[in-house]
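Reproduced below: coords.txt, with compact mmCIF, C-alpha atoms and all ligand atoms.
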```txt
# COMPACT_ATOMS: atom_id res chain seq x y z
CA MET A 1 -27.98 32.56 1.55
CA ASP A 2 -31.61 31.54 1.30
CA VAL A 3 -31.10 28.52 3.53
CA VAL A 4 -28.36 27.66 5.98
CA LEU A 5 -28.28 24.04 7.13
CA ASN A 6 -26.35 24.43 10.33
CA SER A 7 -24.63 21.86 12.46
CA LEU A 8 -22.00 24.14 13.96
CA SER A 9 -22.27 25.63 17.40
CA GLY A 10 -21.35 28.80 19.29
CA GLU A 11 -19.65 31.60 17.42
CA ALA A 12 -19.57 29.66 14.12
CA ALA A 13 -23.38 29.27 14.24
CA ALA A 14 -23.84 32.98 14.91
CA ARG A 15 -21.61 33.88 11.94
CA SER A 16 -23.60 31.50 9.69
CA MET A 17 -26.83 33.24 10.70
CA GLU A 18 -25.42 36.57 9.55
CA VAL A 19 -25.18 35.37 5.94
CA LEU A 20 -28.96 34.85 5.63
CA ALA A 21 -30.72 36.77 2.85
CA PRO A 22 -33.99 38.59 3.67
CA GLY A 23 -36.67 35.94 4.18
CA GLY A 24 -33.97 33.26 4.58
CA ARG A 25 -34.20 30.18 6.76
CA PHE A 26 -31.73 29.06 9.33
CA VAL A 27 -32.23 25.33 9.89
CA GLU A 28 -30.52 24.09 13.02
CA LEU A 29 -29.55 20.45 12.66
CA GLY A 30 -27.03 20.47 15.49
CA LYS A 31 -27.99 19.58 19.02
CA VAL A 32 -25.27 21.16 21.10
CA ASP A 33 -26.69 24.70 21.36
CA LEU A 34 -30.27 23.52 21.74
CA TYR A 35 -29.61 21.14 24.58
CA ALA A 36 -27.20 23.55 26.25
CA ASN A 37 -30.05 26.08 26.05
CA ARG A 38 -27.76 28.74 24.58
CA ARG A 39 -28.93 32.17 23.50
CA VAL A 40 -29.52 33.01 19.87
CA ILE A 41 -28.66 36.48 18.61
CA LEU A 42 -31.87 37.56 16.91
CA ARG A 43 -30.66 40.56 14.90
CA PRO A 44 -29.82 38.52 11.74
CA LEU A 45 -33.42 37.27 11.68
CA ALA A 46 -34.85 40.79 11.50
CA ALA A 47 -35.38 40.79 7.73
CA ASN A 48 -38.17 38.22 7.85
CA ALA A 49 -35.76 35.34 8.30
CA SER A 50 -36.76 32.32 10.35
CA PHE A 51 -35.08 29.87 12.69
CA HIS A 52 -36.05 26.18 12.58
CA ALA A 53 -34.82 23.44 14.84
CA VAL A 54 -34.88 19.95 13.34
CA ASP A 55 -34.44 16.89 15.49
CA LEU A 56 -34.95 13.75 13.48
CA VAL A 57 -35.19 11.56 16.56
CA SER A 58 -38.17 13.40 18.02
CA LEU A 59 -39.74 13.80 14.56
CA LEU A 60 -39.69 10.04 14.08
CA ARG A 61 -40.94 9.47 17.61
CA ASP A 62 -43.77 12.03 17.55
CA ASP A 63 -44.94 11.77 13.97
CA PHE A 64 -43.65 8.56 12.42
CA ALA A 65 -46.16 8.40 9.55
CA GLY A 66 -45.61 12.06 8.67
CA SER A 67 -41.82 11.62 8.72
CA VAL A 68 -41.97 8.57 6.49
CA SER A 69 -44.22 10.35 4.06
CA ALA A 70 -41.90 13.40 4.01
CA LEU A 71 -38.91 11.17 3.44
CA ARG A 72 -40.72 9.45 0.55
CA THR A 73 -41.42 12.82 -1.02
CA VAL A 74 -37.75 13.77 -0.71
CA ALA A 75 -36.64 10.41 -2.18
CA HIS A 76 -39.07 10.86 -5.06
CA ARG A 77 -37.78 14.34 -5.82
CA VAL A 78 -34.17 13.11 -5.63
CA ARG A 79 -35.01 10.36 -8.13
CA GLN A 80 -36.63 12.89 -10.43
CA GLY A 81 -33.56 15.08 -10.24
CA GLN A 82 -35.53 17.87 -8.65
CA TYR A 83 -33.21 17.74 -5.62
CA ARG A 84 -29.58 17.31 -6.45
CA PRO A 85 -27.20 15.74 -3.96
CA LEU A 86 -24.78 17.97 -2.12
CA LEU A 87 -21.12 17.79 -3.03
CA HIS A 88 -20.00 14.37 -1.89
CA GLN A 89 -17.43 11.63 -2.23
CA VAL A 90 -18.55 8.00 -2.41
CA TYR A 91 -16.61 5.13 -0.83
CA PRO A 92 -17.61 1.50 -1.32
CA VAL A 93 -18.32 -0.07 2.04
CA GLN A 94 -15.19 -2.23 1.94
CA ARG A 95 -13.14 1.01 2.05
CA VAL A 96 -15.04 2.45 5.00
CA ASP A 97 -11.79 2.76 6.98
CA GLU A 98 -10.41 5.17 4.36
CA ALA A 99 -13.62 7.21 4.55
CA PHE A 100 -13.26 7.55 8.31
CA ARG A 101 -9.63 8.53 7.95
CA LEU A 102 -10.65 11.23 5.47
CA LEU A 103 -13.13 12.59 8.00
CA GLN A 104 -10.68 12.27 10.84
CA HIS A 105 -8.16 14.46 9.03
CA SER A 106 -10.87 16.84 7.74
CA ARG A 107 -9.70 16.31 4.18
CA HIS A 108 -13.25 16.03 2.83
CA ILE A 109 -15.42 18.66 1.21
CA GLY A 110 -19.18 18.13 1.47
CA LYS A 111 -20.46 14.72 2.47
CA VAL A 112 -18.72 11.39 2.66
CA VAL A 113 -21.03 8.63 1.47
CA ILE A 114 -20.62 4.91 2.12
CA SER A 115 -22.06 2.92 -0.75
CA LEU A 116 -23.49 -0.56 -0.46
CA ASP A 117 -23.85 -0.81 -4.23
CA GLY A 118 -21.82 -3.49 -5.94
CA PRO A 119 -20.59 -6.73 -4.49
CA VAL A 120 -18.94 -6.53 -1.10
CA PRO A 121 -15.90 -8.75 -1.17
CA VAL A 122 -15.57 -10.82 1.94
CA ARG A 123 -12.02 -10.65 3.18
CA MET A 124 -11.22 -13.58 5.35
CA ASN A 125 -8.24 -13.66 7.62
CA PRO A 126 -5.64 -14.74 5.15
CA VAL A 127 -4.56 -18.30 5.52
CA LEU A 128 -0.82 -18.47 5.14
CA PRO A 129 0.16 -19.90 1.77
CA SER A 130 0.85 -23.55 2.23
CA ILE A 131 4.39 -24.76 1.94
CA ALA A 132 4.71 -27.96 -0.01
CA PRO A 133 7.80 -29.60 1.50
CA ASP A 134 8.50 -31.53 -1.69
CA GLU A 135 8.58 -28.44 -3.86
CA GLN A 136 11.57 -26.31 -4.74
CA TYR A 137 12.03 -22.60 -3.93
CA LEU A 138 14.62 -20.54 -5.81
CA VAL A 139 15.92 -17.30 -4.28
CA ILE A 140 18.02 -15.18 -6.64
CA GLY A 141 20.04 -12.86 -4.44
CA GLY A 142 19.35 -15.40 -1.67
CA LEU A 143 22.89 -15.52 -0.30
CA SER A 144 22.78 -12.13 1.36
CA GLY A 145 20.53 -9.44 2.72
CA LEU A 146 16.78 -9.77 2.55
CA GLY A 147 16.99 -12.75 0.18
CA ALA A 148 18.93 -14.74 2.79
CA ARG A 149 16.40 -13.82 5.49
CA VAL A 150 13.55 -14.93 3.24
CA ALA A 151 15.33 -18.24 2.65
CA LEU A 152 15.58 -18.75 6.44
CA HIS A 153 11.92 -17.82 6.83
CA LEU A 154 10.91 -20.36 4.18
CA ALA A 155 12.96 -23.06 5.90
CA LYS A 156 11.35 -22.23 9.27
CA ARG A 157 7.96 -22.56 7.62
CA GLY A 158 8.80 -26.04 6.36
CA THR A 159 10.40 -25.63 2.94
CA ARG A 160 12.70 -28.59 2.38
CA HIS A 161 14.24 -27.70 -0.99
CA LEU A 162 15.97 -24.40 -1.41
CA ALA A 163 18.10 -23.19 -4.30
CA LEU A 164 20.10 -20.01 -3.68
CA ALA A 165 21.82 -18.06 -6.44
CA GLY A 166 23.91 -14.91 -6.82
CA ARG A 167 26.89 -13.97 -8.93
CA ARG A 168 29.37 -14.88 -6.20
CA GLY A 169 27.67 -18.09 -5.11
CA MET A 170 29.50 -19.65 -2.14
CA GLU A 171 32.02 -16.77 -2.25
CA THR A 172 29.36 -14.42 -0.86
CA PRO A 173 30.36 -13.39 2.69
CA GLY A 174 28.28 -15.38 5.19
CA ALA A 175 27.17 -17.99 2.62
CA ALA A 176 28.66 -20.97 4.49
CA ASP A 177 26.95 -19.92 7.76
CA LEU A 178 23.67 -19.43 5.98
CA VAL A 179 23.78 -22.87 4.37
CA ALA A 180 24.63 -24.42 7.76
CA ARG A 181 21.65 -22.72 9.41
CA LEU A 182 19.29 -23.75 6.62
CA THR A 183 20.53 -27.32 6.82
CA THR A 184 19.97 -27.36 10.59
CA LEU A 185 16.40 -26.24 9.92
CA GLY A 186 15.96 -29.36 7.76
CA ALA A 187 16.29 -27.87 4.27
CA SER A 188 18.49 -29.29 1.57
CA VAL A 189 20.24 -26.36 -0.10
CA THR A 190 21.96 -25.88 -3.42
CA VAL A 191 24.08 -22.81 -4.11
CA ASP A 192 24.94 -21.59 -7.60
CA ALA A 193 27.06 -18.73 -8.88
CA VAL A 194 24.73 -17.36 -11.54
CA ASP A 195 24.20 -13.92 -13.01
CA VAL A 196 20.44 -13.43 -13.36
CA THR A 197 20.98 -11.58 -16.66
CA ASP A 198 22.74 -14.59 -18.19
CA ALA A 199 19.94 -16.38 -20.04
CA VAL A 200 21.88 -19.60 -20.64
CA ALA A 201 23.04 -19.88 -17.04
CA VAL A 202 19.58 -19.16 -15.60
CA GLU A 203 17.93 -21.65 -17.94
CA GLN A 204 20.46 -24.30 -16.96
CA LEU A 205 19.91 -23.57 -13.28
CA ILE A 206 16.14 -23.89 -13.56
CA ARG A 207 16.44 -27.07 -15.59
CA LYS A 208 18.70 -28.51 -12.88
CA ILE A 209 16.52 -27.69 -9.87
CA ASP A 210 13.03 -28.03 -11.39
CA THR A 211 12.61 -31.80 -11.30
CA ALA A 212 9.61 -34.10 -11.36
CA GLU A 213 10.37 -35.05 -7.78
CA HIS A 214 10.82 -31.44 -6.59
CA PRO A 215 9.01 -29.14 -9.00
CA LEU A 216 9.79 -25.44 -8.82
CA ARG A 217 7.07 -23.66 -6.83
CA GLU A 218 8.36 -20.10 -6.49
CA VAL A 219 11.16 -17.85 -7.69
CA ILE A 220 12.07 -14.93 -5.45
CA HIS A 221 13.94 -12.21 -7.28
CA SER A 222 15.82 -10.22 -4.65
CA VAL A 223 18.66 -8.58 -6.54
CA LEU A 224 20.18 -5.17 -6.14
CA HIS A 225 22.86 -3.09 -7.75
CA LEU A 226 23.08 0.64 -7.06
CA GLU A 227 24.91 3.45 -8.87
CA ASP A 228 23.63 6.48 -6.96
CA ASP A 229 24.30 9.74 -8.77
CA GLU A 230 22.67 12.65 -10.53
CA LEU A 231 20.99 11.61 -13.73
CA THR A 232 23.26 13.79 -15.89
CA ARG A 233 26.37 12.16 -14.43
CA LEU A 234 25.30 8.62 -15.23
CA SER A 235 26.79 6.81 -18.22
CA ASP A 236 24.83 4.21 -20.18
CA GLU A 237 26.97 1.58 -18.58
CA ARG A 238 26.19 2.67 -15.03
CA MET A 239 22.47 2.84 -15.81
CA ARG A 240 22.58 -0.59 -17.40
CA ALA A 241 24.31 -2.02 -14.33
CA VAL A 242 21.32 -0.96 -12.20
CA LEU A 243 18.58 -1.79 -14.69
CA ALA A 244 19.80 -5.16 -15.98
CA PRO A 245 19.62 -7.40 -12.88
CA LYS A 246 16.12 -6.17 -12.14
CA ILE A 247 14.62 -5.73 -15.62
CA ALA A 248 16.51 -8.20 -17.82
CA GLY A 249 16.60 -10.65 -14.92
CA ALA A 250 12.85 -10.40 -14.34
CA VAL A 251 12.03 -10.69 -18.04
CA LEU A 252 14.05 -13.88 -18.17
CA LEU A 253 12.51 -15.32 -15.02
CA ASP A 254 9.07 -14.39 -16.28
CA ARG A 255 9.66 -16.24 -19.55
CA LEU A 256 10.97 -19.33 -17.78
CA THR A 257 8.17 -19.53 -15.22
CA ARG A 258 5.14 -18.28 -17.17
CA GLN A 259 2.32 -20.77 -17.78
CA ARG A 260 3.88 -23.16 -15.28
CA ASN A 261 2.02 -22.08 -12.14
CA ILE A 262 5.33 -20.96 -10.67
CA ARG A 263 5.06 -17.87 -8.53
CA LEU A 264 7.40 -14.97 -9.31
CA THR A 265 8.02 -12.69 -6.34
CA SER A 266 10.11 -9.58 -7.02
CA TYR A 267 11.34 -6.80 -4.82
CA SER A 268 10.86 -3.15 -5.65
CA SER A 269 11.43 -0.22 -3.33
CA MET A 270 9.47 2.64 -1.86
CA ASN A 271 11.89 4.83 -3.80
CA ALA A 272 9.93 3.97 -6.92
CA TRP A 273 6.85 5.53 -5.31
CA VAL A 274 8.32 8.65 -3.77
CA GLY A 275 11.13 9.27 -6.26
CA SER A 276 14.76 9.97 -5.53
CA GLY A 277 16.98 12.24 -7.59
CA HIS A 278 20.07 10.06 -7.18
CA GLN A 279 18.37 6.72 -7.82
CA THR A 280 16.50 7.28 -11.06
CA SER A 281 17.57 4.02 -12.73
CA TYR A 282 16.79 2.08 -9.57
CA ALA A 283 13.30 3.63 -9.45
CA ALA A 284 12.71 2.86 -13.13
CA ALA A 285 13.81 -0.75 -12.71
CA ASN A 286 11.57 -1.17 -9.69
CA LEU A 287 8.56 0.30 -11.48
CA PHE A 288 9.16 -2.20 -14.25
CA LEU A 289 8.91 -5.05 -11.72
CA GLU A 290 5.59 -3.66 -10.52
CA ALA A 291 4.24 -3.45 -14.07
CA LEU A 292 5.43 -6.98 -14.73
CA ALA A 293 3.59 -8.39 -11.72
CA ARG A 294 0.37 -6.71 -12.84
CA HIS A 295 0.86 -8.01 -16.36
CA ARG A 296 1.48 -11.56 -15.15
CA ARG A 297 -1.57 -11.54 -12.90
CA ARG A 298 -3.74 -10.20 -15.72
CA HIS A 299 -2.67 -13.19 -17.76
CA GLY A 300 -3.37 -15.67 -14.99
CA ASN A 301 0.21 -16.14 -13.78
CA ASP A 302 1.10 -15.93 -10.13
CA ALA A 303 3.16 -12.85 -9.27
CA LEU A 304 3.79 -10.41 -6.47
CA THR A 305 6.04 -7.35 -6.44
CA ILE A 306 6.67 -5.70 -3.10
CA ALA A 307 7.97 -2.15 -2.80
CA TRP A 308 9.81 -2.32 0.50
CA GLY A 309 10.48 0.60 2.77
CA THR A 310 13.85 0.62 4.49
CA ILE A 311 14.76 -2.72 6.03
CA SER A 312 16.79 -3.02 9.22
CA GLU A 313 19.22 -5.78 10.31
CA ALA A 314 19.92 -7.25 6.86
CA GLY A 315 20.58 -6.01 3.35
CA TYR A 316 22.13 -2.98 1.76
CA VAL A 317 21.15 -0.40 4.37
CA ALA A 318 22.38 -2.48 7.31
CA ARG A 319 25.59 -3.50 5.50
CA GLU A 320 26.50 0.06 4.52
CA GLY A 321 25.99 1.36 8.08
CA LEU A 322 23.04 3.54 7.04
CA THR A 323 20.69 2.15 9.66
CA GLU A 324 21.13 5.07 12.01
CA THR A 325 20.47 7.79 9.44
CA LEU A 326 17.75 6.09 7.45
CA GLY A 327 16.33 4.50 10.59
CA GLN A 328 15.10 7.93 11.68
CA LEU A 329 12.65 7.80 8.79
CA GLY A 330 11.30 4.43 9.89
CA MET A 331 12.25 0.82 9.11
CA ILE A 332 10.81 -2.67 9.18
CA THR A 333 12.65 -5.74 10.34
CA PRO A 334 13.24 -8.65 7.96
CA ASP A 335 10.88 -10.77 10.12
CA GLU A 336 8.11 -8.22 9.67
CA ALA A 337 8.86 -8.17 5.96
CA CYS A 338 8.62 -11.97 5.66
CA ALA A 339 5.33 -12.06 7.57
CA ALA A 340 3.88 -9.29 5.38
CA GLN A 341 5.01 -11.12 2.26
CA ASP A 342 3.15 -14.26 3.37
CA ARG A 343 0.03 -12.20 4.01
CA HIS A 344 0.09 -10.76 0.52
CA HIS A 345 0.71 -14.10 -1.14
CA ALA A 346 -2.39 -15.34 0.65
CA ARG A 347 -4.37 -12.35 -0.60
CA HIS A 348 -3.19 -12.79 -4.20
CA THR A 349 -1.97 -9.21 -4.28
CA ASP A 350 -0.08 -8.14 -7.41
CA VAL A 351 1.74 -5.02 -6.16
CA VAL A 352 2.03 -3.70 -2.65
CA ALA A 353 4.24 -1.21 -0.81
CA ILE A 354 5.19 -2.22 2.71
CA GLY A 355 7.14 -0.13 5.14
CA ARG A 356 7.16 1.91 8.30
CA TYR A 357 7.51 5.64 7.83
CA ASP A 358 7.84 8.74 9.90
CA LEU A 359 5.81 10.77 7.45
CA ALA A 360 6.61 14.14 8.98
CA HIS A 361 10.32 13.47 8.65
CA LEU A 362 10.08 11.81 5.26
CA SER A 363 8.01 14.59 3.72
CA ALA A 364 10.91 16.98 4.29
CA PHE A 365 12.94 14.91 1.77
CA CYS A 366 10.13 13.73 -0.48
CA PRO A 367 7.88 16.54 -1.71
CA SER A 368 5.96 13.91 -3.68
CA LEU A 369 4.34 12.82 -0.40
CA ALA A 370 2.17 15.93 -0.63
CA THR A 371 0.71 14.79 -3.96
CA PRO A 372 -2.82 13.33 -4.13
CA ARG A 373 -1.61 9.74 -4.67
CA PHE A 374 -0.42 9.69 -1.06
CA SER A 375 -3.42 11.50 0.40
CA LEU A 376 -4.71 8.38 2.12
CA ILE A 377 -1.55 7.75 4.10
CA ALA A 378 0.02 11.17 4.30
CA PRO A 379 -2.35 13.82 5.62
CA SER A 380 -1.78 17.25 4.09
CA THR A 381 -0.48 18.61 7.36
CA ILE A 382 1.85 16.21 9.06
CA SER A 383 3.29 17.11 12.38
CA GLY A 384 5.21 15.28 15.02
CA THR A 385 6.53 11.76 14.75
CA ASP A 386 4.09 9.53 13.01
CA TYR A 387 5.42 6.06 12.29
CA ARG A 388 3.10 3.83 10.35
CA LEU A 389 3.46 0.29 9.18
CA THR A 390 1.60 0.55 5.94
CA ASP A 391 0.47 -1.86 3.30
CA LEU A 392 -0.63 0.18 0.33
N1 LIG A 401 17.57 -3.31 2.08
C1 LIG A 401 16.58 -2.45 2.00
O1 LIG A 401 16.36 -1.61 2.87
C2 LIG A 401 15.67 -2.50 0.79
C3 LIG A 401 14.69 -1.50 0.67
C4 LIG A 401 13.86 -1.51 -0.42
C5 LIG A 401 13.96 -2.53 -1.35
N2 LIG A 401 14.90 -3.50 -1.22
C6 LIG A 401 14.97 -4.53 -2.28
O2 LIG A 401 15.21 -5.81 -1.66
C7 LIG A 401 16.02 -6.62 -2.50
C8 LIG A 401 17.21 -7.12 -1.70
O3 LIG A 401 17.96 -6.00 -1.25
P1 LIG A 401 19.11 -6.19 -0.18
O4 LIG A 401 19.22 -4.93 0.57
O5 LIG A 401 18.91 -7.47 0.55
O6 LIG A 401 20.38 -6.29 -1.14
P2 LIG A 401 21.72 -7.10 -0.99
O7 LIG A 401 22.02 -7.51 0.40
O8 LIG A 401 22.77 -6.29 -1.70
O9 LIG A 401 21.42 -8.39 -1.83
C9 LIG A 401 21.30 -8.32 -3.19
C10 LIG A 401 21.69 -9.65 -3.77
O10 LIG A 401 21.52 -9.57 -5.17
C11 LIG A 401 22.56 -10.33 -5.75
N3 LIG A 401 22.74 -9.87 -7.12
C12 LIG A 401 23.03 -8.61 -7.54
N4 LIG A 401 23.13 -8.59 -8.87
C13 LIG A 401 22.91 -9.85 -9.30
C14 LIG A 401 22.88 -10.46 -10.57
N5 LIG A 401 23.13 -9.77 -11.69
N6 LIG A 401 22.62 -11.78 -10.65
C15 LIG A 401 22.38 -12.51 -9.53
N7 LIG A 401 22.39 -11.99 -8.29
C16 LIG A 401 22.65 -10.66 -8.19
C17 LIG A 401 23.78 -10.07 -4.87
O11 LIG A 401 24.71 -11.11 -4.93
P3 LIG A 401 25.97 -11.03 -5.92
O12 LIG A 401 26.55 -9.66 -5.76
O13 LIG A 401 26.88 -12.11 -5.47
O14 LIG A 401 25.44 -11.26 -7.27
C18 LIG A 401 23.14 -10.03 -3.50
O15 LIG A 401 23.14 -11.30 -2.90
C19 LIG A 401 16.40 -5.74 -3.68
O16 LIG A 401 15.55 -6.06 -4.75
C20 LIG A 401 16.15 -4.33 -3.21
O17 LIG A 401 15.80 -3.48 -4.28
C21 LIG A 401 15.76 -3.51 -0.17
```
Let me see the file written as structure tokens.
Amino acid sequence: MDVVLNSLSGEAAARSMEVLAPGGRFVELGKVDLYANRRVILRPLAANASFHAVDLVSLLRDDFAGSVSALRTVAHRVRQGQYRPLLHQVYPVQRVDEAFRLLQHSRHIGKVVISLDGPVPVRMNPVLPSIAPDEQYLVIGGLSGLGARVALHLAKRGTRHLALAGRRGMETPGAADLVARLTTLGASVTVDAVDVTDAVAVEQLIRKIDTAEHPLREVIHSVLHLEDDELTRLSDERMRAVLAPKIAGAVLLDRLTRQRNIRLTSYSSMNAWVGSGHQTSYAAANLFLEALARHRRRHGNDALTIAWGTISEAGYVAREGLTETLGQLGMITPDEACAAQDRHHARHTDVVAIGRYDLAHLSAFCPSLATPRFSLIAPSTISGTDYRLTDL
């Protein structure tokens, strides 16, 4: 090496000195060895090599004009392309936290540069989306699980007109209790037995609830049907059963709400991001919902799709008694989910994944976590329990 720019100390510095070519220069940028007054092994300098210590602070203090002039020369040569930048990765300043995380986990090569080029978006503390008490909120899948918890959350926040739908309507276990609680919170509630894939029924429902007095403000699409199995064992029918309520349902809801300033909020799953051999149709359906939200937003229509991590207390996992097993990988409560949903409505997000994960544990099941798309949340070496509540 003709030049070693060194900022290592101790043994590592000594080893770096040994790689100098005859006549080479060892430029010490680090302070530790200098201020600790450590010894330098001189043998590697024997072949006409030299050792330079550079301390920018004292340079600027002792020879300010000279330093400025040297810096100008360097800048000029950089502009002319005479000096090329070292290997580096540029982060816009609004992603400075990611840059620090990269450094923290030593996942960078070369320099990490924070760029002030381009507009810096100002992110204000999100103001919760306002609830217009006169407006109507429709929750499909709102009679159980997460949908029911979102309905309660909306009522607590002041929603006065709630329409809940699912195939079983009032026959859904717990429906009567739910309606009673919502009514106590001051909401007037309608319940309909509607299959979200039935275009006529859904159109009729929306026509019924979307009135001049109580216009429809938001549709929350919280439906789920699972047929977990290996891909080769799935029949068309079983795949359709999983895909239809999510995809056909969302297409229908999109058509009926587009251009009307009605928000469409759909629920995907983290499974669509990490993959799962037994839930291929479910992952495909969820990815469709994410694409739909992006498409709607691009065309000026309000939409949010959230890929949830495992949810405790309510919904499929809690009902099927899977909380203990899946809980070891990390879960969020329905209250946390509702609060996060509000935050992302306020930020006008199109797609977000929200969950709490023990990455070390999860990576044992999901090799995809080691792929570059997860590099910002899942360091390449994960050890120990590392739960994170993450909005991606
Ligand atoms: N629970 C979790 O940990 C978790 C994790 C990730 C994502 N999610 C997502 O969160 C959403 C809610 O999940 P959940 O666990 O709360 O499920 P859930 O308790 O099983 O609720 C799903 C609801 O969807 C309704 N539904 C199913 N098919 C329908 C159809 N064709 N038409 C109308 N309604 C239909 C069901 O009612 P009927 O059977 O009466 O129709 C039920 O009320 C889903 O989109 C799911 O993918 C949940």
- Could you report the residues within 7 Å of ligand LIG 401 (chain A), using all atoms listed in the file, as number ranges by chain? A: 140-147, 165-169, 172, 194-197, 221-225, 245, 266-270, 307-312, 314-317
Between A:Arg319, A:Lys156, A:Arg181, A:Arg296, smallest distance to His348 of chain A by only C-alpha atoms belongs to A:Arg296
Leaving out segment 185-192 of chain A and any residue of its chain fewer than 4 positions from it, which residues lie within 6 Å of it when counting all atoms listed in the file, given as a PDB file with C-alpha atoms, in the frame of the given file?
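The result, stored in result-v9.pdb:
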```pdb
ATOM      1  CA  ARG A 160      12.700 -28.590   2.380  1.00  0.00           C
ATOM      2  CA  HIS A 161      14.240 -27.700  -0.990  1.00  0.00           C
ATOM      3  CA  LEU A 162      15.970 -24.400  -1.410  1.00  0.00           C
ATOM      4  CA  ALA A 163      18.100 -23.190  -4.300  1.00  0.00           C
ATOM      5  CA  LEU A 164      20.100 -20.010  -3.680  1.00  0.00           C
ATOM      6  CA  ALA A 165      21.820 -18.060  -6.440  1.00  0.00           C
ATOM      7  CA  GLY A 169      27.670 -18.090  -5.110  1.00  0.00           C
TER       8      GLY A 169
END
```
Here is a test: counting all atoms listed in the file, which residue of A:Arg107, A:His52, A:His344, A:Arg15 is nearest to Val27 of chain A?
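Once distances to Val27 of chain A are computed over all atoms listed in the file, the minimum belongs to A:His52.
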Q) Counting only C-alpha atoms, which of A:Leu138, A:Asp254, A:Thr371, A:Leu154 gets nearest to Leu205 of chain A? A)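 Selected residue with least distance to Leu205 of chain A: A:Leu138.
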### Query
Smallest atom-to-atom distance to Ala47 of chain A: which of A:Arg343, A:Arg25, A:His361, A:His108, using all atoms listed in the file?
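Closest candidate: A:Arg25.
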Around segment 326-339 of chain A, with edges along x, y and z and 5 Å added on all six sides, what centre and edge lengths do you get, in Å to one decimal, as lines of an AutoDock Vina configuration file?
```
center_x = 11.5
center_y = -2.1
center_z = 8.7
size_x = 22.4
size_y = 30.0
size_z = 16.0
```
Which of these residues is nearest to Pro85 of chain A, using only C-alpha atoms: A:Arg233, A:Lys111, A:Arg149, A:Arg38?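 Counting only C-alpha atoms, the residue closest to Pro85 of chain A is A:Lys111.
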Given only C-alpha atoms as the basis, pick out the residue of A:Ala283, A:Ala337, A:Leu216, A:Ile377 nearest to Lys246 of chain A.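 Closest residue, counting only C-alpha atoms: A:Ala283.
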Original post:
For the atom pair atom CA of His214 of chain A and atom CA of Arg258 of chain A, what is the interatomic distance in Å to one decimal place?
Top reply: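 For atom CA of His214 of chain A relative to atom CA of Arg258 of chain A, the distance reads 17.8 Å.
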Selection: 9 Å around Met1 of chain A, all atoms listed in the file, excl. self and same-chain fewer than 3 positions, as number ranges by chain: A: 4, 19-22, 24-25
Margin query: At a cut-off of 8 Å, using only C-alpha atoms, what residues contact Gly277 of chain A? Leave out same-chain residues fewer than 4 positions from it and give the result as a ChimeraX atom specification.
Written below: /A:229-231
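Here atom CA of Leu60 of chain A and atom CA of Leu8 of chain A stand 22.6 Å from one another.
Counting from atom CA of Arg79 of chain A, the distance to atom CA of Gly23 of chain A is 28.4 Å.
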Give me, as a ChimeraX atom specification, all polymer residues having an atom no more than 8 Å from Val219 of chain A, counting only C-alpha atoms and skipping those fewer than 6 positions away in the same chain. /A:137-140,253,262-265
- Task: Compile the contact shell of Ile114 of chain A as a list in words: residues with an atom at most 6 Å away, counting only C-alpha atoms, same-chain residues fewer than 4 positions apart removed.
- Result: Val90, Tyr91, Pro92 and Val93 of chain A
Task: Test item: which residues lie within 8 Å of (6.1, 8.3, -6.0) counting all atoms listed in the file, as a PyMOL selection string - done: chain A and resi 270-275+368-369+373
